[in-house]
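Worksheet: one structure, shown below.
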Amino acid sequence: MPAPKAKKTDRACVIGLDGVPYGMIVELARRGVMSTMARLMDIGRIHQMRASLPEISSVSWTDFMTGTDSGTHGIFGFTDFKPKSYGIRFPNFLDVKAPTIWDKLGAKGKKSVIINQPSTYPARKTDGVLISGFVALELARAVWPLSYRAALEQMGYQIDIDILRCRERPELLWPEINKSMAGGQKAVNFFWEEGWDYFEYVVTATDRLHHLLWRAYEDPAHPAHQAFLDFYRHIDRLIGKIVAAYHKLTNTYAGFYILSDHGFCGIEKEVYLNVWLEKNGYLRFLKPEPESLEDIHGRSRAFALDPNRIYLNYRSKFPKGSVERTARRALKEEIASKLSKLEYQGRPVVRRVFMAEEVYSGPQTSKGPDLIVVAEPGFDMKGSVRKKEIFGAPGLQGMHTWDDAFFWAAEDLGDGLKISDVAPVILKNF
């Protein structure tokens, strides 16, 4: 069935499924596990989509909500360097330098309801309602306006599952997921009736499940395989309820969207980029057991920050900088060339090394990394300074992938979609 042409609805509704890969959702739809998604794939088109670089939620969701990349919005990872320092800080929503979808709609007098949007903490003034998602620390600073806090607490709303406790005690995972989903659905039901022009709800339990129990999806003999599929049946029913309510409201599927912020796959090995840089002569430390990058030696030329960002040690940017900017291109090409040849048991580890100028554009670009390393599936890049070997055992079962996110729309948007392309698509409805 051909996809219907987009039309101006003056409304839009978005469901976000954190960390759900295109390949998996298509497969579950075709198997009948996700019958609503199968129907939507007949009505419109599910696009394979590229995530941000690096392919992590803090960057990818910010790309989504601003329609820009890190060079414009200024968020390069969950962590970043303090100015003129090797010390680490944690950027938050106040550091975002570009307007969001709902900022732009608010300027047009439109009201938005945003529930559980990652990377929006602390919640800031919004024309409507904003409930921050991961990595929100406390509900009191995650809700705008704060007057809704009591209602959320009463419905048992939970910002996120306690992933650290679930790693220590795996039996807590399903109760935590169920509690998170129940609170989220109550919030959707409550705010749906509040009056809105733009409505958005993001599920993050999907990402948590994949990190901790990815093998339950891949292995039909896994004891949690059926529970994994049942969870996705539940997600599918939730999508069905929301899309039905939207269609009843608008009499169209135009303006309704579903997306993920990155893909997922299983992990075979963690790869420690700072160990590789040290063994290849680009990084030195002042002591044999460094505690952080603040223990770096002044003769170092490059170092890595989680998950896969490599920075050159510029004289003008870092306190112990030794690299002149005139040497930038040659050094980047040298590191990229050597790193691209990295193998594990005869298999390539690195899929591609991107230069910053291939990824970022805008006034914040110089604050970001110089190289971004995209791994082959199964090799999870890390920036630890405490490891001694390049390869190590993974602490989780699943890892993010770059070009296996998805975007469903009633219209066919063609191929080559990236997550920063989504905001203009949504805004065209208004």
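Lettering and numbering for the structure tokens are positional, with chains as A, B, ... in the shown order, residues counted from 1 in each chain, and ligands counted from 1 in the shown order.
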Give one line per residue of stretch 36-73 of chain A that approaches stretch 16-30 of chain A to at most 10 Å, naming the two atoms of the closest pair and their distance in Å to one decimal, counting only C-alpha atoms; sort by chain then ascending residue number and deliver it as a Markdown table.
| residue | atom | partner | partner_atom | distance |
| --- | --- | --- | --- | --- |
| A:Thr36 | CA | A:Ala29 | CA | 7.7 |
| A:Met37 | CA | A:Ala29 | CA | 5.7 |
| A:Ala38 | CA | A:Ala29 | CA | 4.7 |
| A:Arg39 | CA | A:Ala29 | CA | 8.5 |
| A:Leu40 | CA | A:Ala29 | CA | 9.5 |
| A:Met41 | CA | A:Ala29 | CA | 8.5 |
| A:Ile46 | CA | A:Tyr22 | CA | 8.1 |
| A:His47 | CA | A:Tyr22 | CA | 7.8 |
| A:Gln48 | CA | A:Tyr22 | CA | 5.8 |
| A:Met49 | CA | A:Tyr22 | CA | 7.9 |
| A:Glu55 | CA | A:Gly19 | CA | 9.9 |
| A:Ile56 | CA | A:Gly19 | CA | 9.0 |
| A:Ser57 | CA | A:Asp18 | CA | 7.8 |
| A:Trp61 | CA | A:Asp18 | CA | 9.2 |
What would the file look like if the residues just selected were written as a short mmCIF file (atom, residue, chain, number, x, y, z; two decimals), in the first residue's frame with C-alpha atoms?
data_model
loop_
_atom_site.label_atom_id
_atom_site.label_comp_id
_atom_site.auth_asym_id
_atom_site.auth_seq_id
_atom_site.Cartn_x
_atom_site.Cartn_y
_atom_site.Cartn_z
CA THR A 36 0.37 -2.89 15.55
CA MET A 37 3.80 -2.13 14.11
CA ALA A 38 3.12 -4.56 11.27
CA ARG A 39 -0.09 -2.66 10.46
CA LEU A 40 1.69 0.68 10.65
CA MET A 41 4.39 -0.61 8.29
CA ILE A 46 9.55 2.42 8.71
CA HIS A 47 12.90 4.00 7.82
CA GLN A 48 16.30 2.78 8.86
CA MET A 49 17.97 5.80 10.43
CA GLU A 55 25.78 6.87 19.21
CA ILE A 56 24.59 7.57 22.75
CA SER A 57 21.29 8.85 24.11
CA TRP A 61 18.08 12.70 21.68
#
Could you pull out all residues of stretch 79-178 of chain A with a DSSP call of alpha helix (DSSP H) and give them as a ChimeraX atom specification? /A:101-106,149-154,163-168,173-178
Same residues, N, CA and C atoms, output as a compact mmCIF listing (two decimals), in the first residue's frame:
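The resulting out_27.txt:
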# COMPACT_ATOMS: atom_id res chain seq x y z
N ILE A 101 12.24 21.41 19.59
CA ILE A 101 10.97 21.37 18.86
C ILE A 101 9.91 22.16 19.61
N TRP A 102 9.80 21.90 20.92
CA TRP A 102 8.73 22.55 21.69
C TRP A 102 9.03 24.02 21.98
N ASP A 103 10.31 24.41 21.98
CA ASP A 103 10.63 25.84 22.05
C ASP A 103 10.07 26.56 20.82
N LYS A 104 10.30 25.97 19.66
CA LYS A 104 9.84 26.58 18.41
C LYS A 104 8.31 26.61 18.33
N LEU A 105 7.68 25.55 18.83
CA LEU A 105 6.22 25.52 18.84
C LEU A 105 5.65 26.53 19.84
N GLY A 106 6.32 26.66 20.98
CA GLY A 106 5.88 27.63 21.98
C GLY A 106 5.90 29.04 21.44
N ARG A 149 3.98 17.85 40.05
CA ARG A 149 4.79 16.86 40.77
C ARG A 149 3.92 15.96 41.65
N ALA A 150 2.98 16.53 42.39
CA ALA A 150 2.15 15.75 43.31
C ALA A 150 1.34 14.70 42.56
N ALA A 151 0.78 15.08 41.41
CA ALA A 151 0.00 14.13 40.62
C ALA A 151 0.87 12.98 40.14
N LEU A 152 2.09 13.28 39.71
CA LEU A 152 3.01 12.23 39.24
C LEU A 152 3.39 11.29 40.38
N GLU A 153 3.66 11.85 41.54
CA GLU A 153 4.00 11.01 42.69
C GLU A 153 2.84 10.11 43.07
N GLN A 154 1.63 10.65 43.00
CA GLN A 154 0.45 9.88 43.36
C GLN A 154 0.23 8.70 42.41
N ILE A 163 19.21 0.93 37.30
CA ILE A 163 19.98 -0.05 36.52
C ILE A 163 21.15 -0.62 37.32
N LEU A 164 21.72 0.16 38.23
CA LEU A 164 22.83 -0.37 39.04
C LEU A 164 22.36 -1.48 39.96
N ARG A 165 21.21 -1.29 40.60
CA ARG A 165 20.65 -2.34 41.46
C ARG A 165 20.27 -3.56 40.63
N CYS A 166 19.76 -3.32 39.43
CA CYS A 166 19.36 -4.45 38.58
C CYS A 166 20.56 -5.24 38.09
N ARG A 167 21.70 -4.58 37.92
CA ARG A 167 22.92 -5.30 37.54
C ARG A 167 23.38 -6.19 38.69
N GLU A 168 23.25 -5.68 39.92
CA GLU A 168 23.66 -6.43 41.10
C GLU A 168 22.66 -7.54 41.44
N LEU A 173 14.99 -6.71 37.77
CA LEU A 173 14.82 -6.04 36.48
C LEU A 173 13.36 -5.97 36.03
N TRP A 174 12.67 -7.11 36.00
CA TRP A 174 11.30 -7.09 35.51
C TRP A 174 10.36 -6.28 36.41
N PRO A 175 10.44 -6.41 37.75
CA PRO A 175 9.61 -5.54 38.59
C PRO A 175 9.89 -4.05 38.37
N GLU A 176 11.16 -3.70 38.17
CA GLU A 176 11.51 -2.30 37.92
C GLU A 176 10.95 -1.82 36.58
N ILE A 177 11.07 -2.67 35.56
CA ILE A 177 10.54 -2.31 34.24
C ILE A 177 9.02 -2.15 34.32
N ASN A 178 8.35 -3.09 34.99
CA ASN A 178 6.89 -3.02 35.09
C ASN A 178 6.44 -1.77 35.83
Grab the atom CA of A:Asn308 to atom CA of A:Met399 distance for me, in Å with one decimal place.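 A separation of 12.5 Å between them.
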Near-stretch 158-162 of chain A list (10 Å; only C-alpha atoms; drop same-chain fewer than 2 positions) as a compact mmCIF listing (two decimals) with C-alpha atoms, in the first residue's frame:
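Once written, out_35.txt looks like this:
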# COMPACT_ATOMS: atom_id res chain seq x y z
CA ILE A 115 6.99 12.90 28.97
CA ASN A 116 10.28 11.20 29.87
CA GLN A 117 12.43 12.96 27.27
CA PRO A 118 16.08 12.05 27.98
CA ILE A 131 8.88 15.77 32.44
CA SER A 132 12.61 15.12 32.14
CA GLY A 133 13.88 11.60 31.53
CA PHE A 134 17.30 10.02 32.01
CA VAL A 135 19.57 11.30 33.56
CA ALA A 136 17.13 13.17 35.81
CA LEU A 137 18.17 12.90 39.45
CA GLU A 138 15.04 14.00 41.32
CA LEU A 139 11.43 14.54 40.34
CA ALA A 142 12.39 17.10 36.48
CA LEU A 152 3.01 12.23 39.24
CA GLU A 153 4.00 11.01 42.69
CA MET A 155 0.41 7.79 40.18
CA GLY A 156 3.74 6.15 41.11
CA LEU A 164 22.83 -0.37 39.04
CA ARG A 165 20.65 -2.34 41.46
CA CYS A 166 19.36 -4.45 38.58
CA ARG A 167 22.92 -5.30 37.54
CA LEU A 172 14.75 -6.87 40.20
CA LEU A 173 14.82 -6.04 36.48
CA TRP A 174 11.30 -7.09 35.51
CA PRO A 175 9.61 -5.54 38.59
CA GLU A 176 11.51 -2.30 37.92
CA ILE A 177 10.54 -2.31 34.24
CA ASN A 178 6.89 -3.02 35.09
CA LYS A 179 6.80 -0.21 37.63
CA SER A 180 8.42 2.22 35.19
CA MET A 181 6.00 1.29 32.40
CA ALA A 182 2.93 1.49 34.65
CA GLY A 183 3.82 4.98 35.86
CA GLY A 184 4.59 6.14 32.33
CA VAL A 203 10.13 4.70 26.77
CA THR A 204 13.62 4.11 28.20
CA ALA A 205 12.97 0.65 29.69
CA ARG A 208 17.75 -0.91 29.92
CA LEU A 209 16.39 -4.31 28.95
Give me, please, the distance in Å between atom CA of A:Leu342 and atom CA of A:Met381, quoted to one decimal.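 Going from atom CA of A:Leu342 over to atom CA of A:Met381 covers 12.4 Å.
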A:Lys382: which residues within 6 Å, counting only C-alpha atoms, same-chain residues fewer than 5 positions away excluded, as number ranges by chain? A: 271-272, 306-307
Set the distance at 8 Å and use only C-alpha atoms: which residues neighbour A:Ala423 once local chain neighbours fewer than 5 positions away are removed? I'd like the list as a list in words. Phe64, Met65, Thr66, Gly67 and Ile101 of chain A
C-alpha atoms of the current selection, written as a PDB file, in the first residue's frame:
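Result file is result_9.pdb:
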ATOM      1  CA  PHE A  64      16.405  14.813  17.641  1.00  0.00           C
ATOM      2  CA  MET A  65      14.891  17.566  19.731  1.00  0.00           C
ATOM      3  CA  THR A  66      16.930  20.405  18.201  1.00  0.00           C
ATOM      4  CA  GLY A  67      17.253  19.202  14.603  1.00  0.00           C
ATOM      5  CA  ILE A 101      10.973  21.375  18.863  1.00  0.00           C
TER       6      ILE A 101
END
Quick one: pull the distance between atom CA of A:Arg11 and atom CA of A:Asp197, Å, one decimal. 4.8 Å
Among stretch 283-321 of chain A, which ones does DSSP assign to strand (DSSP E or B) (computed from the backbone)? Answer as an MDAnalysis selection string. chainID A and resid 285 296 302:305 309:312 314
Give me, as a PyMOL selection string, all polymer residues having an atom no more than 12 Å from A:Pro290, counting only C-alpha atoms and skipping those fewer than 4 positions away in the same chain. chain A and resi 274-275+283-286+294-297+384-388
Residue with smallest distance to A:Ala405 - pool A:Lys341, A:Arg50, A:Arg31, A:Lys97, counting only C-alpha atoms: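 For A:Ala405, the nearest of the given residues is A:Arg50.
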For A:Glu333, which residue out of A:Asn429, A:Pro122, A:Asp370, A:Ser361 is the nearest one, using only C-alpha atoms?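 Of A:Asn429, A:Pro122, A:Asp370, A:Ser361, the one nearest A:Glu333 is A:Asp370, counting only C-alpha atoms.
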Within 7 Å of A:Phe93 using only C-alpha atoms, minus same-chain residues under 2 positions, as a VMD selection string: chain A and resid 95 to 96 119 to 122
Counting only C-alpha atoms, which residue out of A:His73, A:Arg351, A:Arg124, A:Lys84 sits closest to A:Ala98?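 Distance minimum relative to A:Ala98 lands on A:His73.
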Counting only C-alpha atoms, the residue of A:Asp42, A:Glu200, A:Glu343, A:Glu358 that sits nearest A:Ile242: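 Using only C-alpha atoms, the shortest distance to A:Ile242 belongs to A:Glu200.
When only C-alpha atoms are used to compute distances to A:Gly109, the closest of the residues A:Asp219, A:Asp261, A:Asp127, A:Asp10 turns out to be A:Asp127.
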Between stretch 311-423 of chain A and stretch 252-255 of chain A, at 8 Å or less, what are the per-residue closest atom pairs and their distances in Å? Count only C-alpha atoms, order by chain and rising residue number, and return it as a tab-separated table.
residue	atom	partner	partner_atom	distance
A:Ala409	CA	A:Ala254	CA	7.5
A:Ala410	CA	A:Ala254	CA	5.6
A:Glu411	CA	A:Ala254	CA	7.5
